[in-house]
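Just below is one structure, and these are the notes that go with it.
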Amino acid sequence: MARRTVPIIKKLLQSAENSLSSPTLNLTRSITYMPRPGEGAPRGVTLIPGDGIGPLVTGAVEQVMDAMHAPVYFERYDVQGDMSRFPQEVLDSIKKNKVCLKGGLMTPVGGGVSSLNVQLRKELDLFASLVNCFNLPGLQTRHENVDIVVIRENTEGEYAGLEHEVVPGVVESLKVITKFCSERIARYAFEYAYLNNRKKVTAVHKANIMKLADGLFLESCREVATKYPGITYNEIIVDNCCMQLVSKPEQFDVMVTPNLYGNLVANTAAGIAGGTGFMPGGNVGPDHAVFEQGASAGNVGHSKLIEQKKANPVALLLSAAMMLRHLQFPSFADRLETAVKCVIAEGKYLTKDLGGDSTTQEVVDAVIAALD
């Protein structure tokens, strides 16, 4: 019996050597993720469909999550952007679950109604907004090699909402910048860059004009930068930044900005990389995270998209992948992201903003079919 075993072992060893030396070796799995006991238990996520196309794209995420058997369940709440305040039961749900996925909420222009988006950020102290703007294989854009992460301070600046009429015809709007908020957004940007193997952080400012406010922001960024010698740090004035973005976007890596500039920079970067319809994003604080379409949800109330059911669900699907990683479900995140990228690369099922004519449901069906 022992003599018969020897040639079998030799054959197995020879087969293993041939496999290792073969140039076509294809490792389909990375080193395994080892969860802590109990991490596979389903996690509650607060779901806010939002206005306009919101129910379409959040419904797309629900379908894909169900098809993957992802370990999450949704607590759904209807919130509209014209409400005066966020309903308390919704805030309580987010505080309990720690995580929320939301569609766009329309903010009335002018008038006395404050933005529910801003209210939510302040209530939950979601001090950091993160938008990832990148090229997707299969989509033709003016620029290649774009992979920019815009990290924006989310709670102060021009969005502080401190406005009043001094005398009839004269309105004063205050921009608030604090050392505390500037330091923590800078720390978050450098920490993100460090944990994600990013090489450079660029601070965007207007300190040549707003010397005290933006000067304080820059001072905070410089102090934090000294603690990360392995990451290149530089600064750029916001108007020059916009020009550089549209001419040579590949020079940027991680960008850290005060509130208003970040909104403008993120939308510009998204447009350069191919459009806001597939840019994922989220807002995070010490205890909670809210995931949503990364760049401007200006199409949220697009009546034609709603009637034809042709809203692009890709941005929210990729934001959902970000959420799954945040919840420490990396394999589900990888499956979802890979399926979305396969559908985009194939080019058969694309919505109008990406050069196709597919409905939301057709894109969803294609993503589900592409799941491994």
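Naming works like this for the structure tokens: A, B, ... for the chains as they're shown, residue 1 at the start of each chain, ligands 1 onward in shown order.
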Given only C-alpha atoms, how would the per-residue table for range 211-285 of chain A near range 342-365 of chain A read, listing every residue at most 10 Å away with its closest atom pair and distance in Å to one decimal, sorted by chain and number, as a tab-separated table?
```
residue	atom	partner	partner_atom	distance
A:Gly274	CA	A:Leu354	CA	7.9
A:Gly275	CA	A:Asp353	CA	7.6
A:Thr276	CA	A:Asp353	CA	9.1
A:Gly277	CA	A:Asp353	CA	7.2
A:Phe278	CA	A:Leu354	CA	9.0
```
Store the residues picked out above in a file with C-alpha atoms, as an mmCIF file, in the first residue's frame.
```cif
data_model
loop_
_atom_site.group_PDB
_atom_site.id
_atom_site.type_symbol
_atom_site.label_atom_id
_atom_site.label_comp_id
_atom_site.auth_asym_id
_atom_site.auth_seq_id
_atom_site.Cartn_x
_atom_site.Cartn_y
_atom_site.Cartn_z
ATOM 1 C CA GLY A 274 -18.118 61.043 -16.912
ATOM 2 C CA GLY A 275 -21.087 62.492 -15.034
ATOM 3 C CA THR A 276 -22.803 62.520 -11.674
ATOM 4 C CA GLY A 277 -24.856 59.417 -12.485
ATOM 5 C CA PHE A 278 -22.220 56.933 -11.331
#
```
Taking the backbone alone, and naming residues the way the document does, which bits of range 66-293 of chain A are strand (DSSP E or B) by DSSP, as number ranges by chain? A: 72-76, 99-102, 128-134, 147-153, 157, 163-167, 170-173, 176, 200-205, 232-237, 254-257, 280-284, 289-293
From the list A:Pro137, A:Val109, A:Gln63, A:Gly169, which residue is nearest Lys341 in chain A when using only C-alpha atoms? A:Pro137
Could you build a table of the residues in range 75-177 of chain A lying no more than 9 Å from range 186-191 of chain A, giving for each the nearest pair of atoms and their separation in Å rounded to one decimal place, using only C-alpha atoms, ordered by chain and ascending residue number, as CSV?
```
residue,atom,partner,partner_atom,distance
A:Ala128,CA,A:Tyr188,CA,7.7
A:Val150,CA,A:Ala189,CA,8.8
A:Ile151,CA,A:Ala189,CA,6.3
A:Arg152,CA,A:Ala189,CA,8.8
A:Glu153,CA,A:Ala186,CA,8.8
```
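Comparing the minimum interatomic distances between Ile48 in chain A and each of A:Glu292, A:Val167, A:Ala320, A:Ile31, counting only C-alpha atoms, we find that A:Glu292 sits nearest.
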Find the spatial neighbours of Thr155 in chain A, counting only C-alpha atoms, within a cut-off of 7 Å - ignore same-chain residues fewer than 6 positions away - and output them as a list in words.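 Listed by chain and then number, they are Arg121, Lys122 and Phe127 of chain A.
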Which polymer residues have any atom within 9 Å of an atom of Cys221 in chain A, counting only C-alpha atoms, with same-chain residues fewer than 2 positions away left out, as a PyMOL selection string? chain A and resi 182-183+185-187+203+216-219+223-226+233+256
Output N, CA, C and O atoms for every residue in that selection, as a CSV table (one decimal), in the first residue's frame.
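Here's the written file part-v5.csv:
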```csv
chain,number,residue,atom,x,y,z
A,182,SER,N,-11.8,72.3,11.3
A,182,SER,CA,-10.8,72.3,10.2
A,182,SER,C,-9.8,71.2,10.5
A,182,SER,O,-9.3,70.5,9.6
A,183,GLU,N,-9.4,71.0,11.8
A,183,GLU,CA,-8.4,70.0,12.2
A,183,GLU,C,-9.0,68.6,11.9
A,183,GLU,O,-8.3,67.7,11.4
A,185,ILE,N,-11.4,67.6,9.9
A,185,ILE,CA,-11.6,67.2,8.5
A,185,ILE,C,-10.2,67.0,7.8
A,185,ILE,O,-10.1,66.1,7.0
A,186,ALA,N,-9.2,67.7,8.3
A,186,ALA,CA,-7.9,67.5,7.8
A,186,ALA,C,-7.4,66.1,8.2
A,186,ALA,O,-6.8,65.3,7.4
A,187,ARG,N,-7.6,65.8,9.5
A,187,ARG,CA,-7.2,64.5,10.0
A,187,ARG,C,-7.9,63.3,9.3
A,187,ARG,O,-7.3,62.3,8.9
A,203,ALA,N,-5.0,70.6,-0.3
A,203,ALA,CA,-6.0,71.4,0.4
A,203,ALA,C,-6.4,72.6,-0.6
A,203,ALA,O,-5.6,73.3,-1.2
A,216,LEU,N,-7.1,80.0,8.6
A,216,LEU,CA,-7.2,79.0,9.7
A,216,LEU,C,-7.4,77.6,9.2
A,216,LEU,O,-6.8,76.7,9.7
A,217,PHE,N,-8.1,77.4,8.1
A,217,PHE,CA,-8.3,76.1,7.5
A,217,PHE,C,-6.9,75.6,7.0
A,217,PHE,O,-6.6,74.4,7.3
A,218,LEU,N,-6.1,76.4,6.3
A,218,LEU,CA,-4.8,76.0,5.8
A,218,LEU,C,-3.9,75.7,7.0
A,218,LEU,O,-3.1,74.7,6.9
A,219,GLU,N,-3.9,76.5,8.0
A,219,GLU,CA,-3.0,76.3,9.1
A,219,GLU,C,-3.3,74.9,9.8
A,219,GLU,O,-2.4,74.2,10.1
A,223,GLU,N,-0.7,71.6,9.9
A,223,GLU,CA,-0.3,70.9,11.2
A,223,GLU,C,-0.5,69.4,11.1
A,223,GLU,O,0.3,68.6,11.5
A,224,VAL,N,-1.7,69.0,10.5
A,224,VAL,CA,-1.9,67.6,10.4
A,224,VAL,C,-1.0,66.9,9.4
A,224,VAL,O,-0.5,65.8,9.6
A,225,ALA,N,-0.6,67.6,8.3
A,225,ALA,CA,0.2,67.1,7.3
A,225,ALA,C,1.6,66.7,7.9
A,225,ALA,O,2.2,65.7,7.4
A,226,THR,N,2.1,67.4,8.9
A,226,THR,CA,3.4,67.0,9.5
A,226,THR,C,3.4,65.7,10.1
A,226,THR,O,4.4,65.1,10.3
A,233,TYR,N,1.9,66.6,0.5
A,233,TYR,CA,0.8,67.6,0.8
A,233,TYR,C,1.1,68.9,0.0
A,233,TYR,O,2.2,69.4,-0.1
A,256,VAL,N,-9.0,68.0,0.0
A,256,VAL,CA,-9.7,68.3,1.3
A,256,VAL,C,-10.1,69.8,1.2
A,256,VAL,O,-9.3,70.6,0.8
```
Pick out each residue of range 129-345 of chain A that DSSP on the backbone tags as alpha helix (DSSP H); I need them as a PyMOL selection string. chain A and resi 179-195+213-225+238-247+259-273+303-308+314-326+330-345
Between CA of Lys179 in chain A and CA of Cys242 in chain A, measure the distance and give it in Å to one decimal.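 One can read the CA of Lys179 in chain A to CA of Cys242 in chain A distance as 25.5 Å.
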